[in-house]
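Asks: Below is the file start.pdb, which contains PDB, C-alpha atoms.
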```pdb
ATOM      1  CA  SER A 214     -61.641  50.459  13.349
ATOM      2  CA  ILE A 215     -62.239  54.209  13.241
ATOM      3  CA  LYS A 216     -59.569  54.679  10.551
ATOM      4  CA  GLU A 217     -61.203  52.065   8.327
ATOM      5  CA  LYS A 218     -64.593  53.734   8.681
ATOM      6  CA  TYR A 219     -63.173  57.130   7.771
ATOM      7  CA  LEU A 220     -61.368  55.591   4.796
ATOM      8  CA  LEU A 221     -64.537  53.868   3.587
ATOM      9  CA  PHE A 222     -66.509  57.077   3.918
ATOM     10  CA  LEU A 223     -63.839  59.020   2.030
ATOM     11  CA  ILE A 224     -63.718  56.479  -0.831
ATOM     12  CA  PHE A 225     -67.504  56.375  -1.053
ATOM     13  CA  PHE A 226     -67.822  60.166  -0.963
ATOM     14  CA  VAL A 227     -65.166  60.725  -3.639
ATOM     15  CA  GLY A 228     -66.678  57.913  -5.704
ATOM     16  CA  ILE A 229     -70.040  59.686  -5.662
ATOM     17  CA  LEU A 230     -68.426  63.001  -6.611
ATOM     18  CA  LEU A 231     -66.607  61.419  -9.548
ATOM     19  CA  ARG A 232     -69.887  59.960 -10.798
ATOM     20  CA  TYR A 233     -71.868  63.149 -10.293
ATOM     21  CA  TYR A 234     -69.246  65.517 -11.731
ATOM     22  CA  ASN A 235     -70.107  66.412 -15.336
ATOM     23  CA  HIS A 236     -72.809  63.710 -15.417
ATOM     24  CA  SER A 237     -74.900  65.897 -17.759
ATOM     25  CA  PHE A 238     -72.050  67.650 -19.548
ATOM     26  CA  ASP A 239     -72.440  65.773 -22.870
ATOM     27  CA  ASP A 240     -75.571  65.465 -24.974
ATOM     28  CA  LEU A 241     -77.394  62.159 -25.189
ATOM     29  CA  TRP A 242     -75.904  59.695 -27.632
ATOM     30  CA  TYR A 243     -78.030  57.382 -29.781
ATOM     31  CA  ASP A 244     -78.626  54.538 -27.303
ATOM     32  CA  GLU A 245     -79.381  57.015 -24.534
ATOM     33  CA  VAL A 246     -81.918  58.758 -26.750
ATOM     34  CA  ILE A 247     -83.684  55.413 -27.150
ATOM     35  CA  SER A 248     -83.836  54.815 -23.386
ATOM     36  CA  PHE A 249     -84.897  58.388 -22.705
ATOM     37  CA  TRP A 250     -87.641  58.381 -25.336
ATOM     38  CA  ILE A 251     -89.302  55.044 -24.588
ATOM     39  CA  ALA A 252     -89.214  55.776 -20.830
ATOM     40  CA  ASN A 253     -91.308  58.901 -21.348
ATOM     41  CA  PRO A 254     -93.885  58.884 -18.498
ATOM     42  CA  ASN A 255     -96.449  60.355 -20.901
ATOM     43  CA  LEU A 256     -96.414  57.103 -22.869
ATOM     44  CA  SER A 257     -98.677  54.316 -21.727
ATOM     45  CA  PHE A 258     -97.289  51.122 -20.224
ATOM     46  CA  GLN A 259     -98.068  49.203 -23.397
ATOM     47  CA  GLU A 260     -96.593  51.897 -25.656
ATOM     48  CA  THR A 261     -93.302  51.745 -23.768
ATOM     49  CA  ILE A 262     -93.163  47.971 -24.204
ATOM     50  CA  ASN A 263     -94.071  48.156 -27.901
ATOM     51  CA  PHE A 264     -91.514  50.872 -28.691
ATOM     52  CA  ASN A 265     -88.872  48.928 -26.788
ATOM     53  CA  LYS A 266     -89.529  45.863 -28.954
ATOM     54  CA  LEU A 267     -89.177  47.952 -32.108
ATOM     55  CA  ILE A 268     -85.935  49.823 -31.432
ATOM     56  CA  ASP A 269     -84.056  48.209 -28.522
ATOM     57  CA  ILE A 270     -82.588  44.716 -28.218
ATOM     58  CA  ASN A 271     -82.828  44.740 -24.415
ATOM     59  CA  THR A 272     -85.852  43.837 -22.345
ATOM     60  CA  PRO A 273     -88.345  46.590 -21.379
ATOM     61  CA  VAL A 274     -87.605  46.248 -17.651
ATOM     62  CA  PHE A 275     -85.089  49.107 -17.441
ATOM     63  CA  PRO A 276     -87.255  51.575 -19.437
ATOM     64  CA  LEU A 277     -90.217  50.734 -17.222
ATOM     65  CA  ILE A 278     -88.191  51.325 -14.043
ATOM     66  CA  LEU A 279     -86.788  54.542 -15.516
ATOM     67  CA  LYS A 280     -90.315  55.563 -16.523
ATOM     68  CA  PHE A 281     -91.418  55.203 -12.891
ATOM     69  CA  PHE A 282     -88.397  57.238 -11.745
ATOM     70  CA  PHE A 283     -89.230  59.976 -14.259
ATOM     71  CA  SER A 284     -92.853  60.072 -13.123
ATOM     72  CA  ILE A 285     -91.702  60.870  -9.568
ATOM     73  CA  PHE A 286     -88.715  63.172 -10.107
ATOM     74  CA  GLY A 287     -89.487  64.729 -13.482
ATOM     75  CA  TYR A 288     -88.812  63.900 -17.097
ATOM     76  CA  SER A 289     -85.410  65.316 -18.005
ATOM     77  CA  VAL A 290     -82.005  64.181 -19.207
ATOM     78  CA  GLU A 291     -80.393  65.188 -15.918
ATOM     79  CA  THR A 292     -82.916  63.122 -13.939
ATOM     80  CA  GLY A 293     -82.232  60.078 -16.107
ATOM     81  CA  ARG A 294     -78.499  60.376 -15.641
ATOM     82  CA  LEU A 295     -78.895  60.965 -11.907
ATOM     83  CA  PHE A 296     -80.697  57.621 -11.762
ATOM     84  CA  SER A 297     -77.576  55.931 -13.152
ATOM     85  CA  VAL A 298     -75.341  57.956 -10.827
ATOM     86  CA  ILE A 299     -77.324  56.755  -7.796
ATOM     87  CA  LEU A 300     -77.205  53.106  -8.871
ATOM     88  CA  SER A 301     -73.489  53.247  -9.639
ATOM     89  CA  SER A 302     -72.809  54.875  -6.264
ATOM     90  CA  LEU A 303     -74.752  52.131  -4.480
ATOM     91  CA  SER A 304     -72.635  49.591  -6.369
ATOM     92  CA  ILE A 305     -69.564  50.823  -4.504
ATOM     93  CA  LEU A 306     -71.227  49.686  -1.270
ATOM     94  CA  SER A 307     -72.688  46.455  -2.632
ATOM     95  CA  VAL A 308     -69.476  45.223  -4.283
ATOM     96  CA  GLY A 309     -67.424  46.270  -1.266
ATOM     97  CA  TYR A 310     -69.769  44.318   1.005
ATOM     98  CA  LEU A 311     -69.633  41.329  -1.344
ATOM     99  CA  SER A 312     -65.835  41.408  -1.115
ATOM    100  CA  TRP A 313     -66.034  41.465   2.682
ATOM    101  CA  CYS A 314     -68.458  38.515   2.679
ATOM    102  CA  VAL A 315     -65.988  36.503   0.624
ATOM    103  CA  THR A 316     -62.697  37.455   2.281
ATOM    104  CA  LYS A 317     -63.625  38.530   5.838
ATOM    105  CA  ASN A 318     -60.478  40.663   5.948
ATOM    106  CA  ASN A 319     -59.302  44.172   5.119
ATOM    107  CA  SER A 320     -58.821  43.377   1.426
ATOM    108  CA  PHE A 321     -62.380  44.646   0.898
ATOM    109  CA  LEU A 322     -60.931  48.154   1.301
ATOM    110  CA  LEU A 323     -59.014  47.642  -1.934
ATOM    111  CA  THR A 324     -62.250  46.526  -3.600
ATOM    112  CA  PHE A 325     -63.971  49.701  -2.424
ATOM    113  CA  PHE A 326     -61.141  51.739  -3.920
ATOM    114  CA  LEU A 327     -61.092  49.874  -7.250
ATOM    115  CA  ILE A 328     -64.866  50.134  -7.704
ATOM    116  CA  GLY A 329     -65.064  53.736  -6.509
ATOM    117  CA  PHE A 330     -62.342  54.963  -8.878
ATOM    118  CA  ASN A 331     -62.955  52.660 -11.855
ATOM    119  CA  ILE A 332     -63.045  54.885 -14.937
ATOM    120  CA  TYR A 333     -65.320  52.533 -16.881
ATOM    121  CA  LEU A 334     -67.915  52.346 -14.098
ATOM    122  CA  ILE A 335     -67.762  56.127 -13.737
ATOM    123  CA  SER A 336     -68.296  56.526 -17.476
ATOM    124  CA  PHE A 337     -71.272  54.141 -17.563
ATOM    125  CA  SER A 338     -72.761  55.863 -14.510
ATOM    126  CA  GLN A 339     -73.182  59.003 -16.614
ATOM    127  CA  GLU A 340     -75.319  57.311 -19.271
ATOM    128  CA  VAL A 341     -79.065  56.744 -19.387
ATOM    129  CA  ARG A 342     -78.625  53.045 -20.068
ATOM    130  CA  VAL A 343     -79.256  49.767 -18.279
ATOM    131  CA  TYR A 344     -75.632  49.014 -17.378
ATOM    132  CA  SER A 345     -75.397  50.734 -13.991
ATOM    133  CA  LEU A 346     -78.569  48.971 -12.888
ATOM    134  CA  LEU A 347     -77.276  45.674 -14.292
ATOM    135  CA  PHE A 348     -73.987  45.987 -12.411
ATOM    136  CA  PHE A 349     -75.726  46.862  -9.142
ATOM    137  CA  ALA A 350     -78.300  44.061  -9.538
ATOM    138  CA  SER A 351     -75.511  41.593 -10.324
ATOM    139  CA  SER A 352     -73.630  42.504  -7.152
ATOM    140  CA  VAL A 353     -76.774  42.177  -5.021
ATOM    141  CA  PHE A 354     -77.551  38.826  -6.650
ATOM    142  CA  LEU A 355     -74.031  37.570  -5.888
ATOM    143  CA  ILE A 356     -74.350  38.692  -2.254
ATOM    144  CA  ILE A 357     -77.558  36.686  -1.928
ATOM    145  CA  PHE A 358     -76.019  33.767  -3.819
ATOM    146  CA  PHE A 359     -73.049  33.753  -1.458
ATOM    147  CA  LYS A 360     -75.423  33.623   1.507
ATOM    148  CA  THR A 361     -77.154  30.551   0.036
ATOM    149  CA  LEU A 362     -73.832  28.734   0.416
ATOM    150  CA  LYS A 363     -73.781  29.301   4.168
ATOM    151  CA  LYS A 364     -74.947  26.636   6.613
ATOM    152  CA  GLU A 365     -77.205  29.168   8.369
ATOM    153  CA  ARG A 366     -79.158  29.919   5.198
ATOM    154  CA  ASN A 367     -82.938  30.017   5.647
ATOM    155  CA  PHE A 368     -86.087  29.931   3.566
ATOM    156  CA  PHE A 369     -86.057  33.699   3.042
ATOM    157  CA  ILE A 370     -82.531  33.611   1.597
ATOM    158  CA  LEU A 371     -83.636  31.006  -0.941
ATOM    159  CA  VAL A 372     -86.688  33.106  -1.862
ATOM    160  CA  ALA A 373     -84.451  36.167  -2.226
ATOM    161  CA  TYR A 374     -82.150  34.133  -4.487
ATOM    162  CA  PHE A 375     -85.096  33.119  -6.665
ATOM    163  CA  LEU A 376     -86.507  36.661  -6.923
ATOM    164  CA  SER A 377     -83.136  38.313  -7.510
ATOM    165  CA  SER A 378     -82.430  35.739 -10.236
ATOM    166  CA  ILE A 379     -85.635  36.624 -12.056
ATOM    167  CA  PHE A 380     -84.953  40.336 -11.784
ATOM    168  CA  LEU A 381     -81.337  39.998 -12.927
ATOM    169  CA  ILE A 382     -82.021  37.919 -16.041
ATOM    170  CA  SER A 383     -84.930  40.202 -16.939
ATOM    171  CA  LEU A 384     -82.533  43.153 -17.281
ATOM    172  CA  HIS A 385     -80.124  41.951 -19.943
ATOM    173  CA  PRO A 386     -79.278  38.716 -21.825
ATOM    174  CA  PHE A 387     -75.677  38.832 -20.535
ATOM    175  CA  ALA A 388     -77.036  38.287 -17.028
ATOM    176  CA  LEU A 389     -77.822  34.704 -18.050
ATOM    177  CA  ILE A 390     -74.085  33.983 -17.817
ATOM    178  CA  ILE A 391     -74.064  34.944 -14.137
ATOM    179  CA  PHE A 392     -77.300  33.099 -13.414
ATOM    180  CA  PHE A 393     -76.362  29.810 -15.095
ATOM    181  CA  SER A 394     -72.922  29.938 -13.498
ATOM    182  CA  SER A 395     -74.570  30.119 -10.076
ATOM    183  CA  VAL A 396     -76.953  27.291 -10.973
ATOM    184  CA  ALA A 397     -74.049  25.130 -12.163
ATOM    185  CA  PHE A 398     -72.190  25.782  -8.907
ATOM    186  CA  LEU A 399     -75.258  24.922  -6.808
ATOM    187  CA  LEU A 400     -75.696  21.721  -8.809
ATOM    188  CA  LEU A 401     -72.101  20.732  -8.065
ATOM    189  CA  GLN A 402     -72.696  21.462  -4.395
ATOM    190  CA  TYR A 403     -75.769  19.260  -4.443
ATOM    191  CA  LEU A 404     -73.912  16.381  -6.104
ATOM    192  CA  ARG A 405     -71.247  16.593  -3.415
ATOM    193  CA  ASN A 406     -73.430  17.141  -0.345
ATOM    194  CA  LYS A 407     -76.849  15.828  -1.449
ATOM    195  CA  GLN A 408     -79.698  16.577   0.950
ATOM    196  CA  LYS A 409     -77.370  17.935   3.616
ATOM    197  CA  TYR A 410     -76.685  20.946   1.448
ATOM    198  CA  PHE A 411     -80.330  21.839   0.966
ATOM    199  CA  SER A 412     -81.260  21.735   4.645
ATOM    200  CA  ILE A 413     -82.517  25.171   5.670
ATOM    201  CA  HIS A 414     -83.523  26.959   8.867
ATOM    202  CA  LEU A 415     -87.037  28.373   8.983
TER
END
```
Please go through the file and, once you have read it, give me the structure as C-alpha cells.

Replies:
Amino acid sequence: SIKEKYLLFLIFFVGILLRYYNHSFDDLWYDEVISFWIANPNLSFQETINFNKLIDINTPVFPLILKFFFSIFGYSVETGRLFSVILSSLSILSVGYLSWCVTKNNSFLLTFFLIGFNIYLISFSQEVRVYSLLFFASSVFLIIFFKTLKKERNFFILVAYFLSSIFLISLHPFALIIFFSSVAFLLLQYLRNKQKYFSIHL
C-alpha cells in the first residue's frame, strides 16, 4: 500500500542519516588504521596482500575491495567510512527483503525498523572494517540461499549460490558458520527429497 511504501522510505532514509551522521567524527582506531593503510591505492596488489598477511588475521579481500574504492573516490578516512556507510545502508534493504521472502507478510516492516535503528549496526557502519560488508554479503547470500529452496529455482540461482558462497567465506572466517549451515540444510533436503529436490528449470 501507499502507507507501507512511505513508511519504508522513511525508515530507510532515517537509517541512512543515522549511519552518515558523525561517521567521521572520531579518529581511526587501531584496526581501522590497519585496514586504511594496507588498502592504500599507491601500494601494489601484491604489497597489499603481503601487508595483510603480516598484520591482519582476516583475508585480503576487503582491503582489496576498499583499495579499488579508494582508487576511484580518493584515498581518505572519510571515503573509507563512507564505503561502510553505503554497505550498511544497503543492508537495511537486503535484510528487509530477506524477511519479506521468508514471511510474505507485513512483519518485514518490523525487520526494516530493527535493522535501520540497530545501534550496533550503526556503530559498525562508521568503521573502516570488513563487518558492514560481511553483514551485507551474508544477507545477500541468505536471499539467494532461500531462493534455492523454491521449486521454481533455475540454473542461474544455483550459480549465484555458488558464487555468493565463495565471496562470503572469502571475507571472514566466521562466514564459514553461515555457509556450512546452509550446506547442512541442503543435505537434509536432499536426503528427504532425493533427485526431486535438485530438479531445476533452465

Asks: Could you state which residues are captured by the PyMOL selection byres ((chain A and resi 345) around 9) in this file, as a PyMOL selection string?

Replies: chain A and resi 296-301+304+334+337-344+346-350

Asks: Within 12 Å of (-86.7, 60.4, -15.9), all atoms listed in the file: residues as a CSV table (one decimal) with C-alpha atoms, keeping the file's coordinate frame?

Replies:
```
chain,number,residue,atom,x,y,z
A,245,GLU,CA,-79.4,57.0,-24.5
A,246,VAL,CA,-81.9,58.8,-26.8
A,248,SER,CA,-83.8,54.8,-23.4
A,249,PHE,CA,-84.9,58.4,-22.7
A,250,TRP,CA,-87.6,58.4,-25.3
A,251,ILE,CA,-89.3,55.0,-24.6
A,252,ALA,CA,-89.2,55.8,-20.8
A,253,ASN,CA,-91.3,58.9,-21.3
A,254,PRO,CA,-93.9,58.9,-18.5
A,255,ASN,CA,-96.4,60.4,-20.9
A,275,PHE,CA,-85.1,49.1,-17.4
A,276,PRO,CA,-87.3,51.6,-19.4
A,277,LEU,CA,-90.2,50.7,-17.2
A,278,ILE,CA,-88.2,51.3,-14.0
A,279,LEU,CA,-86.8,54.5,-15.5
A,280,LYS,CA,-90.3,55.6,-16.5
A,281,PHE,CA,-91.4,55.2,-12.9
A,282,PHE,CA,-88.4,57.2,-11.7
A,283,PHE,CA,-89.2,60.0,-14.3
A,284,SER,CA,-92.9,60.1,-13.1
A,285,ILE,CA,-91.7,60.9,-9.6
A,286,PHE,CA,-88.7,63.2,-10.1
A,287,GLY,CA,-89.5,64.7,-13.5
A,288,TYR,CA,-88.8,63.9,-17.1
A,289,SER,CA,-85.4,65.3,-18.0
A,290,VAL,CA,-82.0,64.2,-19.2
A,291,GLU,CA,-80.4,65.2,-15.9
A,292,THR,CA,-82.9,63.1,-13.9
A,293,GLY,CA,-82.2,60.1,-16.1
A,294,ARG,CA,-78.5,60.4,-15.6
A,295,LEU,CA,-78.9,61.0,-11.9
A,296,PHE,CA,-80.7,57.6,-11.8
A,297,SER,CA,-77.6,55.9,-13.2
A,341,VAL,CA,-79.1,56.7,-19.4
A,342,ARG,CA,-78.6,53.0,-20.1
```

Asks: Given the file shown, enumerate the residues that the PyMOL selection byres ((chain A and resi 383-399) around 7) captures and present them as a PyMOL selection string.

Replies: chain A and resi 271-272+274-275+347+378-382+400-403

Asks: Once the PyMOL selection byres ((chain A and resi 220-226) around 12) has been applied to the shown file, what residues remain in the selection, as a PyMOL selection string?

Replies: chain A and resi 214-219+227-233+299+301-310+319+321-331

Asks: With all atoms listed in the file as the basis for distance, which of A:Ser336, A:Leu376, A:Leu404, A:Cys314 is at the shortest distance from Lys363 of chain A?

Replies: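 Under the stated criterion, the closest residue is A:Cys314.
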
Asks: To one decimal place, how far is atom CA of Phe358 of chain A from atom CA of Val315 of chain A in Å?

Replies: 11.3 Å

Asks: Hey, can you check how far atom CA of Ser320 of chain A sits from atom CA of Ser377 of chain A?

Replies: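 These atoms are spaced 26.4 Å apart.
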
Asks: Just the number, please: distance in Å from atom CA of Tyr333 of chain A to atom CA of His236 of chain A, one decimal.

Replies: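 If I compute the distance from atom CA of Tyr333 of chain A to atom CA of His236 of chain A, I get 13.5 Å.
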
Asks: Can you tell me which residues surround Ile356 of chain A at a distance of at most 7 Å, considering all atoms listed in the file, apart from same-chain residues fewer than 4 positions away, and format the answer as a PyMOL selection string?

Replies: chain A and resi 311+352+360

Asks: Export segment 324-337 of chain A from the structure block above, keeping all heavy atoms, as a PDB file, in the first residue's frame.

Replies:
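Output contents, as saved in selection.pdb:
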```pdb
ATOM      1  N   THR A 324      11.233  -5.727  10.645  1.00  0.00           N
ATOM      2  CA  THR A 324      12.635  -6.035  10.346  1.00  0.00           C
ATOM      3  C   THR A 324      13.349  -4.803   9.816  1.00  0.00           C
ATOM      4  O   THR A 324      14.474  -4.501  10.223  1.00  0.00           O
ATOM      5  CB  THR A 324      12.737  -7.168   9.309  1.00  0.00           C
ATOM      6  OG1 THR A 324      12.054  -8.321   9.801  1.00  0.00           O
ATOM      7  CG2 THR A 324      14.196  -7.522   9.031  1.00  0.00           C
ATOM      8  N   PHE A 325      12.709  -4.091   8.905  1.00  0.00           N
ATOM      9  CA  PHE A 325      13.276  -2.841   8.394  1.00  0.00           C
ATOM     10  C   PHE A 325      13.608  -1.891   9.550  1.00  0.00           C
ATOM     11  O   PHE A 325      14.695  -1.302   9.587  1.00  0.00           O
ATOM     12  CB  PHE A 325      12.279  -2.154   7.451  1.00  0.00           C
ATOM     13  CG  PHE A 325      12.565  -2.378   5.998  1.00  0.00           C
ATOM     14  CD1 PHE A 325      11.957  -3.409   5.306  1.00  0.00           C
ATOM     15  CD2 PHE A 325      13.442  -1.558   5.311  1.00  0.00           C
ATOM     16  CE1 PHE A 325      12.211  -3.621   3.962  1.00  0.00           C
ATOM     17  CE2 PHE A 325      13.709  -1.745   3.971  1.00  0.00           C
ATOM     18  CZ  PHE A 325      13.092  -2.784   3.294  1.00  0.00           C
ATOM     19  N   PHE A 326      12.660  -1.756  10.461  1.00  0.00           N
ATOM     20  CA  PHE A 326      12.844  -0.848  11.594  1.00  0.00           C
ATOM     21  C   PHE A 326      14.000  -1.301  12.485  1.00  0.00           C
ATOM     22  O   PHE A 326      14.862  -0.490  12.868  1.00  0.00           O
ATOM     23  CB  PHE A 326      11.558  -0.768  12.402  1.00  0.00           C
ATOM     24  CG  PHE A 326      11.683   0.070  13.652  1.00  0.00           C
ATOM     25  CD1 PHE A 326      11.622   1.454  13.588  1.00  0.00           C
ATOM     26  CD2 PHE A 326      11.884  -0.536  14.888  1.00  0.00           C
ATOM     27  CE1 PHE A 326      11.754   2.228  14.736  1.00  0.00           C
ATOM     28  CE2 PHE A 326      12.018   0.225  16.036  1.00  0.00           C
ATOM     29  CZ  PHE A 326      11.951   1.613  15.954  1.00  0.00           C
ATOM     30  N   LEU A 327      14.037  -2.589  12.811  1.00  0.00           N
ATOM     31  CA  LEU A 327      15.075  -3.107  13.714  1.00  0.00           C
ATOM     32  C   LEU A 327      16.467  -2.989  13.105  1.00  0.00           C
ATOM     33  O   LEU A 327      17.436  -2.677  13.813  1.00  0.00           O
ATOM     34  CB  LEU A 327      14.781  -4.569  14.069  1.00  0.00           C
ATOM     35  CG  LEU A 327      13.525  -4.814  14.916  1.00  0.00           C
ATOM     36  CD1 LEU A 327      13.301  -6.305  15.114  1.00  0.00           C
ATOM     37  CD2 LEU A 327      13.637  -4.110  16.264  1.00  0.00           C
ATOM     38  N   ILE A 328      16.585  -3.237  11.811  1.00  0.00           N
ATOM     39  CA  ILE A 328      17.886  -3.118  11.142  1.00  0.00           C
ATOM     40  C   ILE A 328      18.270  -1.650  10.974  1.00  0.00           C
ATOM     41  O   ILE A 328      19.412  -1.251  11.199  1.00  0.00           O
ATOM     42  CB  ILE A 328      17.862  -3.816   9.775  1.00  0.00           C
ATOM     43  CG1 ILE A 328      17.607  -5.311   9.943  1.00  0.00           C
ATOM     44  CG2 ILE A 328      19.175  -3.592   9.030  1.00  0.00           C
ATOM     45  CD1 ILE A 328      18.670  -6.028  10.749  1.00  0.00           C
ATOM     46  N   GLY A 329      17.298  -0.826  10.593  1.00  0.00           N
ATOM     47  CA  GLY A 329      17.586   0.586  10.353  1.00  0.00           C
ATOM     48  C   GLY A 329      18.027   1.334  11.596  1.00  0.00           C
ATOM     49  O   GLY A 329      18.857   2.238  11.513  1.00  0.00           O
ATOM     50  N   PHE A 330      17.500   0.926  12.771  1.00  0.00           N
ATOM     51  CA  PHE A 330      17.775   1.662  14.005  1.00  0.00           C
ATOM     52  C   PHE A 330      18.653   0.873  14.985  1.00  0.00           C
ATOM     53  O   PHE A 330      18.767   1.266  16.143  1.00  0.00           O
ATOM     54  CB  PHE A 330      16.463   2.050  14.683  1.00  0.00           C
ATOM     55  CG  PHE A 330      15.670   3.078  13.920  1.00  0.00           C
ATOM     56  CD1 PHE A 330      14.828   2.698  12.889  1.00  0.00           C
ATOM     57  CD2 PHE A 330      15.788   4.422  14.229  1.00  0.00           C
ATOM     58  CE1 PHE A 330      14.101   3.645  12.173  1.00  0.00           C
ATOM     59  CE2 PHE A 330      15.063   5.376  13.518  1.00  0.00           C
ATOM     60  CZ  PHE A 330      14.221   4.991  12.480  1.00  0.00           C
ATOM     61  N   ASN A 331      19.253  -0.213  14.507  1.00  0.00           N
ATOM     62  CA  ASN A 331      20.108  -1.024  15.377  1.00  0.00           C
ATOM     63  C   ASN A 331      21.404  -0.277  15.697  1.00  0.00           C
ATOM     64  O   ASN A 331      22.181   0.037  14.802  1.00  0.00           O
ATOM     65  CB  ASN A 331      20.417  -2.359  14.690  1.00  0.00           C
ATOM     66  CG  ASN A 331      21.156  -3.314  15.596  1.00  0.00           C
ATOM     67  OD1 ASN A 331      22.322  -3.110  15.929  1.00  0.00           O
ATOM     68  ND2 ASN A 331      20.487  -4.375  15.978  1.00  0.00           N
ATOM     69  N   ILE A 332      21.639  -0.024  16.979  1.00  0.00           N
ATOM     70  CA  ILE A 332      22.779   0.792  17.384  1.00  0.00           C
ATOM     71  C   ILE A 332      24.109   0.124  17.055  1.00  0.00           C
ATOM     72  O   ILE A 332      25.093   0.792  16.729  1.00  0.00           O
ATOM     73  CB  ILE A 332      22.696   1.120  18.903  1.00  0.00           C
ATOM     74  CG1 ILE A 332      23.784   2.112  19.297  1.00  0.00           C
ATOM     75  CG2 ILE A 332      22.771  -0.153  19.727  1.00  0.00           C
ATOM     76  CD1 ILE A 332      23.690   3.452  18.631  1.00  0.00           C
ATOM     77  N   TYR A 333      24.149  -1.208  17.117  1.00  0.00           N
ATOM     78  CA  TYR A 333      25.400  -1.908  16.819  1.00  0.00           C
ATOM     79  C   TYR A 333      25.736  -1.833  15.332  1.00  0.00           C
ATOM     80  O   TYR A 333      26.892  -1.620  14.951  1.00  0.00           O
ATOM     81  CB  TYR A 333      25.305  -3.361  17.281  1.00  0.00           C
ATOM     82  CG  TYR A 333      25.177  -3.508  18.770  1.00  0.00           C
ATOM     83  CD1 TYR A 333      23.949  -3.800  19.350  1.00  0.00           C
ATOM     84  CD2 TYR A 333      26.276  -3.308  19.600  1.00  0.00           C
ATOM     85  CE1 TYR A 333      23.825  -3.916  20.731  1.00  0.00           C
ATOM     86  CE2 TYR A 333      26.160  -3.419  20.981  1.00  0.00           C
ATOM     87  CZ  TYR A 333      24.930  -3.727  21.532  1.00  0.00           C
ATOM     88  OH  TYR A 333      24.805  -3.838  22.900  1.00  0.00           O
ATOM     89  N   LEU A 334      24.726  -1.999  14.475  1.00  0.00           N
ATOM     90  CA  LEU A 334      24.955  -1.894  13.035  1.00  0.00           C
ATOM     91  C   LEU A 334      25.338  -0.468  12.657  1.00  0.00           C
ATOM     92  O   LEU A 334      26.175  -0.261  11.768  1.00  0.00           O
ATOM     93  CB  LEU A 334      23.706  -2.332  12.265  1.00  0.00           C
ATOM     94  CG  LEU A 334      23.321  -3.805  12.406  1.00  0.00           C
ATOM     95  CD1 LEU A 334      22.033  -4.091  11.636  1.00  0.00           C
ATOM     96  CD2 LEU A 334      24.438  -4.710  11.907  1.00  0.00           C
ATOM     97  N   ILE A 335      24.735   0.504  13.314  1.00  0.00           N
ATOM     98  CA  ILE A 335      25.081   1.906  13.060  1.00  0.00           C
ATOM     99  C   ILE A 335      26.530   2.165  13.464  1.00  0.00           C
ATOM    100  O   ILE A 335      27.284   2.831  12.753  1.00  0.00           O
ATOM    101  CB  ILE A 335      24.126   2.848  13.823  1.00  0.00           C
ATOM    102  CG1 ILE A 335      22.712   2.745  13.252  1.00  0.00           C
ATOM    103  CG2 ILE A 335      24.619   4.291  13.746  1.00  0.00           C
ATOM    104  CD1 ILE A 335      21.671   3.473  14.066  1.00  0.00           C
ATOM    105  N   SER A 336      26.921   1.621  14.606  1.00  0.00           N
ATOM    106  CA  SER A 336      28.292   1.806  15.086  1.00  0.00           C
ATOM    107  C   SER A 336      29.303   1.181  14.133  1.00  0.00           C
ATOM    108  O   SER A 336      30.306   1.803  13.773  1.00  0.00           O
ATOM    109  CB  SER A 336      28.430   1.200  16.484  1.00  0.00           C
ATOM    110  OG  SER A 336      29.764   1.300  16.950  1.00  0.00           O
ATOM    111  N   PHE A 337      29.037  -0.061  13.692  1.00  0.00           N
ATOM    112  CA  PHE A 337      29.964  -0.735  12.785  1.00  0.00           C
ATOM    113  C   PHE A 337      29.994  -0.067  11.408  1.00  0.00           C
ATOM    114  O   PHE A 337      30.996  -0.172  10.691  1.00  0.00           O
ATOM    115  CB  PHE A 337      29.586  -2.210  12.636  1.00  0.00           C
ATOM    116  CG  PHE A 337      30.047  -3.071  13.778  1.00  0.00           C
ATOM    117  CD1 PHE A 337      29.139  -3.798  14.522  1.00  0.00           C
ATOM    118  CD2 PHE A 337      31.391  -3.146  14.108  1.00  0.00           C
ATOM    119  CE1 PHE A 337      29.561  -4.588  15.586  1.00  0.00           C
ATOM    120  CE2 PHE A 337      31.826  -3.942  15.163  1.00  0.00           C
ATOM    121  CZ  PHE A 337      30.909  -4.659  15.911  1.00  0.00           C
TER     122      PHE A 337
END
```
